[in-house]
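Novice: Right, I'll just put the structure down here and ask away after.
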Amino acid sequence: MIIDTHAHLNMEDYDGDLSHVLGKAIKQDVTKVMVIGMEDISNQRAIKLAETHDMLFATVGIHPGYVDEDQDVERLKNYLDHPKVVAIGECGLDFYWREDNKKLQKDIFQKQIELALIYQKPLVIHTRNSFTEAYHMVLPHKGKLKGVFHCFSSDVEDAKKAVDLGFYIGIDGPITFKNNHTLKTIVEKIDLKHILVETDSPFLTPIPYRGKRNEPGNTKYVVEKIAEIKRMDPHEVARITTENARMLFNIKED
Ligand SMILES: [Zn+2]
């Protein structure tokens, strides 16, 4: 079995056919999915989906793209004791999207780091052109925080730093793209025990479905590509990355 550790099934892209999408995922051996919140409404939707589907779990957070929209970090506390809320995020820094509100992005991320420490929850961290800044915000808490640098987009040196912090590297669809040499080198060099697989659905659809809406079932193509790069059996890649996800998000065996 495979766990898709990052999917936005709470987006309206799935309003019409979620049960069909989940049925297809199960056929592809993807039997659990983390539904990722990005602001209050999507956080609530993630929880609602996790309550109504055994195979779904929720994360709640404020994504750096939403920090200006009157999002209150305190409100996350209302959700963190929920049995199916497994992490804080997605949170982090995105300086590709915007550089004019860096301070606000850092403030909101810092508050979520503090919540993770208080509630002992893992962090689902988004970085884009901002790994170094995010790394230095997590570093003072090394050993006390855990989490994943989701959709990893930096280089091998940064991946090693993330691993040294005790964090996982999230690998998704772009690993299947032809010219992604940096990501392939990361997968080659980083031990599988530090890697999580994810889709970031509905975005980042892997080959052979690139261009279409992404779905959790496509995590299978990420697993197969990692197996090819590492010259391993795909079942072994699925087994180890599933074990990693269970440990990080504290998900019990079935
Ligand atoms: Zn995401």
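Residues in the structure tokens are named by chain (A, B, ... in the order shown) and by number from 1 within that chain; ligands are numbered from 1 in the order shown.
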Using only C-alpha atoms and all ligand atoms, which residues have at least one atom no more than 7 Å from ligand 1? Output them as an MDAnalysis selection string.
Specialist: chainID A and resid 6:8 36 90 200
Novice: Write the residues of the selection above to a file with N, CA and C atoms, as a tab-separated table (two decimals), in the first residue's frame.
Specialist:
```tsv
chain	number	residue	atom	x	y	z
A	6	HIS	N	0.23	14.25	0.62
A	6	HIS	CA	-0.08	15.67	0.35
A	6	HIS	C	-1.03	15.81	-0.83
A	7	ALA	N	-2.32	16.03	-0.52
A	7	ALA	CA	-3.30	16.23	-1.59
A	7	ALA	C	-4.33	17.26	-1.13
A	8	HIS	N	-4.72	18.12	-2.05
A	8	HIS	CA	-5.73	19.14	-1.72
A	8	HIS	C	-7.10	18.68	-2.21
A	36	ILE	N	-4.72	18.38	2.79
A	36	ILE	CA	-3.93	19.50	3.32
A	36	ILE	C	-4.72	20.81	3.32
A	90	GLU	N	-0.54	23.32	5.32
A	90	GLU	CA	0.80	23.61	5.00
A	90	GLU	C	1.14	25.04	5.37
A	200	ASP	N	0.49	16.35	-4.25
A	200	ASP	CA	0.10	17.78	-4.30
A	200	ASP	C	-1.10	17.98	-5.23
```
Novice: Give me, as a PDB file with C-alpha atoms, in the first residue's frame, all polymer residues having an atom no more than 12 Å from A:Lys161, counting only C-alpha atoms and skipping those fewer than 6 positions away in the same chain.
Specialist:
```pdb
ATOM      1  CA  PHE A 131      14.582  26.980   1.805  1.00  0.00           C
ATOM      2  CA  THR A 132      17.477  28.684   3.596  1.00  0.00           C
ATOM      3  CA  ALA A 134      12.795  28.361   6.492  1.00  0.00           C
ATOM      4  CA  TYR A 135      15.673  26.102   7.521  1.00  0.00           C
ATOM      5  CA  HIS A 136      17.075  28.777   9.822  1.00  0.00           C
ATOM      6  CA  VAL A 138      13.415  25.484  12.219  1.00  0.00           C
ATOM      7  CA  LEU A 139      17.081  24.976  13.193  1.00  0.00           C
ATOM      8  CA  LYS A 142      16.288  20.780  16.070  1.00  0.00           C
ATOM      9  CA  PHE A 149       9.738  19.781   3.440  1.00  0.00           C
ATOM     10  CA  SER A 154      15.980  22.923  -3.702  1.00  0.00           C
ATOM     11  CA  ASP A 155      19.304  21.138  -4.268  1.00  0.00           C
ATOM     12  CA  PHE A 167      12.844  16.209   8.544  1.00  0.00           C
ATOM     13  CA  TYR A 168      11.556  14.236   5.576  1.00  0.00           C
ATOM     14  CA  ILE A 169      11.839  15.200   1.901  1.00  0.00           C
ATOM     15  CA  ILE A 186      18.365  14.091  -4.540  1.00  0.00           C
ATOM     16  CA  ILE A 190      19.078  10.623   0.051  1.00  0.00           C
ATOM     17  CA  HIS A 194      14.011  10.161   4.792  1.00  0.00           C
TER      18      HIS A 194
END
```
Novice: Taking 5 positions as the minimum chain separation for residues in the same chain, which residues sit within 12 Å of stretch 76-78 of chain A when counting only C-alpha atoms? Answer as a list in words.
Specialist: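 The contact residues come out as Gly37, Met38, Glu39, Asp40, Ile41, Ser42, Asn43, Gln44, Ile47, Thr59, Val60, Gly61, Ile62, Gln71, Val85, Ala87, Ile88, Gly89, Glu90, Cys91, Ile108, Lys111, Gln112, Glu114, Leu115, Ala116, Ile118, Tyr119 and Lys121 of chain A.
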Novice: Taking 4 positions as the minimum chain separation for residues in the same chain, which residues sit within 9 Å of stretch 237-254 of chain A when counting only C-alpha atoms? Answer as a list in words.
Specialist: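 Near stretch 237-254 of chain A, the qualifying residues are Met1, Ile2, Ile3, Asp4, Thr5, Val86, Ala87, Lys121, Pro122, Lys146, Gly147, Val148, Tyr168, Leu192, Lys193, His194, Ile195, Leu196, Val197, Lys220, Val223, Glu224, Ile226, Ala227, Met232 and Asp233 of chain A.
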Novice: When DSSP works through the backbone of this structure, what residues of stretch 119-161 of chain A end up as alpha helix (DSSP H), shown as a ChimeraX atom specification?
Specialist: /A:119,131-138,156-161
Novice: Could you dump the residues just selected with N, CA and C atoms as a PDB file, in the first residue's frame?
Specialist:
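Final output, result_28.pdb:
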```pdb
ATOM      1  N   TYR A 119       1.856  21.587  20.684  1.00  0.00           N
ATOM      2  CA  TYR A 119       0.927  20.471  20.455  1.00  0.00           C
ATOM      3  C   TYR A 119       1.634  19.184  20.019  1.00  0.00           C
ATOM      4  N   PHE A 131      14.175  28.082   0.930  1.00  0.00           N
ATOM      5  CA  PHE A 131      14.582  26.980   1.805  1.00  0.00           C
ATOM      6  C   PHE A 131      15.486  27.470   2.940  1.00  0.00           C
ATOM      7  N   THR A 132      16.484  28.280   2.595  1.00  0.00           N
ATOM      8  CA  THR A 132      17.477  28.684   3.596  1.00  0.00           C
ATOM      9  C   THR A 132      16.824  29.436   4.756  1.00  0.00           C
ATOM     10  N   GLU A 133      15.915  30.355   4.426  1.00  0.00           N
ATOM     11  CA  GLU A 133      15.225  31.125   5.474  1.00  0.00           C
ATOM     12  C   GLU A 133      14.374  30.204   6.350  1.00  0.00           C
ATOM     13  N   ALA A 134      13.648  29.281   5.722  1.00  0.00           N
ATOM     14  CA  ALA A 134      12.795  28.361   6.492  1.00  0.00           C
ATOM     15  C   ALA A 134      13.655  27.452   7.367  1.00  0.00           C
ATOM     16  N   TYR A 135      14.748  26.976   6.784  1.00  0.00           N
ATOM     17  CA  TYR A 135      15.673  26.102   7.521  1.00  0.00           C
ATOM     18  C   TYR A 135      16.164  26.795   8.794  1.00  0.00           C
ATOM     19  N   HIS A 136      16.544  28.067   8.655  1.00  0.00           N
ATOM     20  CA  HIS A 136      17.075  28.777   9.822  1.00  0.00           C
ATOM     21  C   HIS A 136      16.012  29.082  10.875  1.00  0.00           C
ATOM     22  N   MET A 137      14.745  29.043  10.480  1.00  0.00           N
ATOM     23  CA  MET A 137      13.680  29.211  11.472  1.00  0.00           C
ATOM     24  C   MET A 137      13.409  27.908  12.230  1.00  0.00           C
ATOM     25  N   VAL A 138      13.648  26.784  11.572  1.00  0.00           N
ATOM     26  CA  VAL A 138      13.415  25.484  12.219  1.00  0.00           C
ATOM     27  C   VAL A 138      14.627  25.067  13.061  1.00  0.00           C
ATOM     28  N   VAL A 156      20.689  19.245  -3.620  1.00  0.00           N
ATOM     29  CA  VAL A 156      21.095  18.120  -2.770  1.00  0.00           C
ATOM     30  C   VAL A 156      21.631  18.604  -1.423  1.00  0.00           C
ATOM     31  N   GLU A 157      22.428  19.661  -1.443  1.00  0.00           N
ATOM     32  CA  GLU A 157      22.991  20.170  -0.187  1.00  0.00           C
ATOM     33  C   GLU A 157      21.878  20.550   0.787  1.00  0.00           C
ATOM     34  N   ASP A 158      20.853  21.226   0.268  1.00  0.00           N
ATOM     35  CA  ASP A 158      19.721  21.616   1.116  1.00  0.00           C
ATOM     36  C   ASP A 158      18.935  20.386   1.583  1.00  0.00           C
ATOM     37  N   ALA A 159      18.818  19.410   0.717  1.00  0.00           N
ATOM     38  CA  ALA A 159      18.115  18.173   1.112  1.00  0.00           C
ATOM     39  C   ALA A 159      18.847  17.513   2.283  1.00  0.00           C
ATOM     40  N   LYS A 160      20.174  17.529   2.226  1.00  0.00           N
ATOM     41  CA  LYS A 160      20.948  16.948   3.330  1.00  0.00           C
ATOM     42  C   LYS A 160      20.744  17.737   4.623  1.00  0.00           C
ATOM     43  N   LYS A 161      20.631  19.065   4.480  1.00  0.00           N
ATOM     44  CA  LYS A 161      20.373  19.895   5.667  1.00  0.00           C
ATOM     45  C   LYS A 161      19.002  19.553   6.275  1.00  0.00           C
TER      46      LYS A 161
END
```
Novice: Please determine, counting only C-alpha atoms, which residue among A:Leu117, A:Leu9, A:Val33, A:Met55 has the shortest atom-to-atom distance to A:Thr219.
Specialist: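 Using only C-alpha atoms, the shortest distance to A:Thr219 belongs to A:Val33.
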Novice: Between atom CA of A:Lys106 and atom CA of A:Val67, measure the distance and give it in Å to one decimal.
Specialist: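 Atom CA of A:Lys106 sits 9.6 Å away from atom CA of A:Val67.
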